[in-house]
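S.K.: File entry-v2.tsv follows (TSV, C-alpha atoms):
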chain	number	residue	atom	x	y	z
A	147	MET	CA	147.33	114.04	78.18
A	148	ALA	CA	146.61	110.35	78.00
A	149	ARG	CA	147.75	108.77	74.81
A	150	GLN	CA	146.76	105.47	73.25
A	151	GLU	CA	148.81	103.25	71.09
A	152	GLY	CA	149.57	104.93	67.82
A	153	GLY	CA	149.90	108.38	69.40
A	154	GLN	CA	146.23	109.38	69.33
A	155	CYS	CA	144.51	111.28	72.12
A	156	SER	CA	141.89	109.20	73.96
A	157	ILE	CA	139.59	112.17	74.60
A	158	ALA	CA	139.56	113.67	71.14
A	159	ALA	CA	135.99	112.50	70.60
A	160	MET	CA	134.90	114.45	73.69
A	161	LYS	CA	136.25	117.85	72.62
A	162	HIS	CA	132.76	119.30	72.39
A	163	PRO	CA	130.71	117.71	75.20
A	164	PHE	CA	127.98	120.35	75.04
A	165	ALA	CA	127.37	119.59	71.34
A	166	TRP	CA	127.20	115.87	72.12
A	167	LEU	CA	124.74	116.53	74.94
A	168	LEU	CA	122.48	118.63	72.72
A	169	GLY	CA	122.65	116.05	69.94
A	170	GLY	CA	121.70	113.28	72.36
A	171	CYS	CA	118.75	115.27	73.69
A	172	ALA	CA	117.55	116.01	70.15
A	173	LEU	CA	117.81	112.33	69.19
A	174	PHE	CA	115.96	111.29	72.35
A	175	GLY	CA	113.19	113.82	71.65
A	176	PHE	CA	112.89	112.73	68.03
A	177	LEU	CA	112.62	109.06	68.92
A	178	ARG	CA	110.20	109.76	71.76
A	179	GLY	CA	107.92	111.85	69.54
A	180	ARG	CA	107.46	109.07	66.98
A	181	ARG	CA	104.99	107.13	69.10
A	182	GLU	CA	101.92	105.83	67.35
A	183	ALA	CA	98.55	107.36	68.08
A	184	PRO	CA	96.14	105.23	70.09
A	185	ALA	CA	94.01	102.95	67.95
A	186	GLY	CA	90.65	103.84	69.53
A	187	LEU	CA	89.00	107.22	69.22
A	188	ASP	CA	89.01	109.51	72.20
A	189	PRO	CA	85.57	109.36	73.87
A	190	ARG	CA	85.77	113.10	74.57
A	191	ALA	CA	85.79	113.83	70.83
A	192	ASP	CA	82.12	112.91	70.40
A	193	GLU	CA	81.18	115.12	73.34
A	194	LEU	CA	83.10	118.04	71.83
A	195	ARG	CA	81.46	117.50	68.45
A	196	ARG	CA	78.03	117.55	70.11
A	197	LYS	CA	78.83	120.76	71.97
A	198	LEU	CA	80.08	122.42	68.78
A	199	ALA	CA	76.91	121.47	66.90
A	200	GLU	CA	74.81	122.84	69.75
A	201	ALA	CA	76.78	126.08	69.78
A	202	ARG	CA	76.33	126.50	66.03
A	203	SER	CA	72.56	126.08	66.33
A	204	ILE	CA	72.44	128.64	69.13
A	205	VAL	CA	74.36	131.14	66.98
A	206	GLU	CA	71.93	130.57	64.10
A	207	GLU	CA	68.95	131.10	66.42
A	208	ARG	CA	70.53	134.27	67.76
A	209	ASP	CA	71.16	135.63	64.26
A	210	GLU	CA	67.56	134.86	63.33
A	211	PHE	CA	66.29	136.59	66.47
A	212	GLU	CA	68.46	139.66	65.94
A	213	ALA	CA	67.36	139.92	62.30
A	214	ALA	CA	63.78	140.40	63.48
A	215	GLU	CA	64.73	143.29	65.75
A	216	VAL	CA	64.54	146.88	64.58
A	217	THR	CA	67.90	148.56	64.73
A	218	VAL	CA	68.29	151.85	66.53
A	219	ASP	CA	68.86	153.85	63.36
A	220	LEU	CA	65.60	152.51	61.85
A	221	ALA	CA	63.42	152.81	64.96
A	222	GLU	CA	60.75	155.47	65.10
A	223	PRO	CA	61.50	158.34	67.44
A	224	MET	CA	59.60	158.23	70.70
A	225	PRO	CA	57.09	160.96	71.47
A	226	GLU	CA	58.49	163.65	73.72
A	227	ASP	CA	55.43	163.92	75.96
A	228	PRO	CA	55.14	161.11	78.57
A	229	GLU	CA	51.36	161.26	78.39
A	230	SER	CA	51.31	160.69	74.62
A	231	ARG	CA	53.81	157.83	75.09
A	232	ARG	CA	51.50	156.27	77.72
A	233	ARG	CA	48.52	156.54	75.37
A	234	ALA	CA	50.50	154.98	72.52
A	235	VAL	CA	51.55	152.06	74.70
A	236	HIS	CA	47.99	151.45	75.89
A	237	GLU	CA	46.62	151.63	72.35
A	238	SER	CA	49.21	149.14	71.20
A	239	ALA	CA	48.35	146.83	74.09
A	240	ARG	CA	44.61	147.06	73.36
A	241	ALA	CA	45.23	146.31	69.68
A	242	THR	CA	47.31	143.28	70.64
A	243	VAL	CA	44.61	142.01	73.02
A	244	GLU	CA	41.93	142.46	70.36
A	245	HIS	CA	44.07	140.64	67.84
A	246	MET	CA	44.65	137.76	70.26
A	247	ARG	CA	40.93	137.51	71.02
A	248	GLY	CA	40.11	137.60	67.33
A	249	GLU	CA	37.92	140.66	67.56
A	250	ARG	CA	39.39	142.25	64.47
Would you write out, as structure tokens, the structure that this file holds?

M.R.:
Amino acid sequence: MARQEGGQCSIAAMKHPFAWLLGGCALFGFLRGRREAPAGLDPRADELRRKLAEARSIVEERDEFEAAEVTVDLAEPMPEDPESRRRAVHESARATVEHMRGER
């Protein structure tokens, strides 16, 4: 072992090199992470805000549209006979055409 004056070991400070290595990496990471944020705003932020606002309006429109729909459990049962179903569809169509023409 190499000895210095006074009888002390010259490598006593390096007894735990792995601990020193980990400590150095942690210190480097800590100092590196303390960078200041850029002063200007990111131009992509406005684009993301616009897209989020658009998505929210689409969700509101969808909810409004789905609220107007009749759910399956509340829908009227369809007639069993195809001929009666055809007649019902045609009557509904005629009523709609009359309503649009203002005949009623």

S.K.: Between CA of Ala221 (chain A) and CA of Arg240 (chain A), what distance in Å does the model show, to one decimal?

M.R.: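 Between CA of Ala221 (chain A) and CA of Arg240 (chain A) the gap is 21.4 Å.
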
S.K.: Do you have the CA of Asp227 (chain A)-CA of Thr242 (chain A) distance handy?

M.R.: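 Calculated distance between CA of Asp227 (chain A) and CA of Thr242 (chain A) is 22.8 Å.
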
S.K.: Padding of 3 Å on every side, edges along x, y and z, all listed atoms of region 219-235 of chain A included: what centre and edge lengths in Å, to one decimal, does that box have, as AutoDock Vina command-line options?

M.R.:
--center_x 58.7 --center_y 158.0 --center_z 70.2 --size_x 26.3 --size_y 17.9 --size_z 22.7
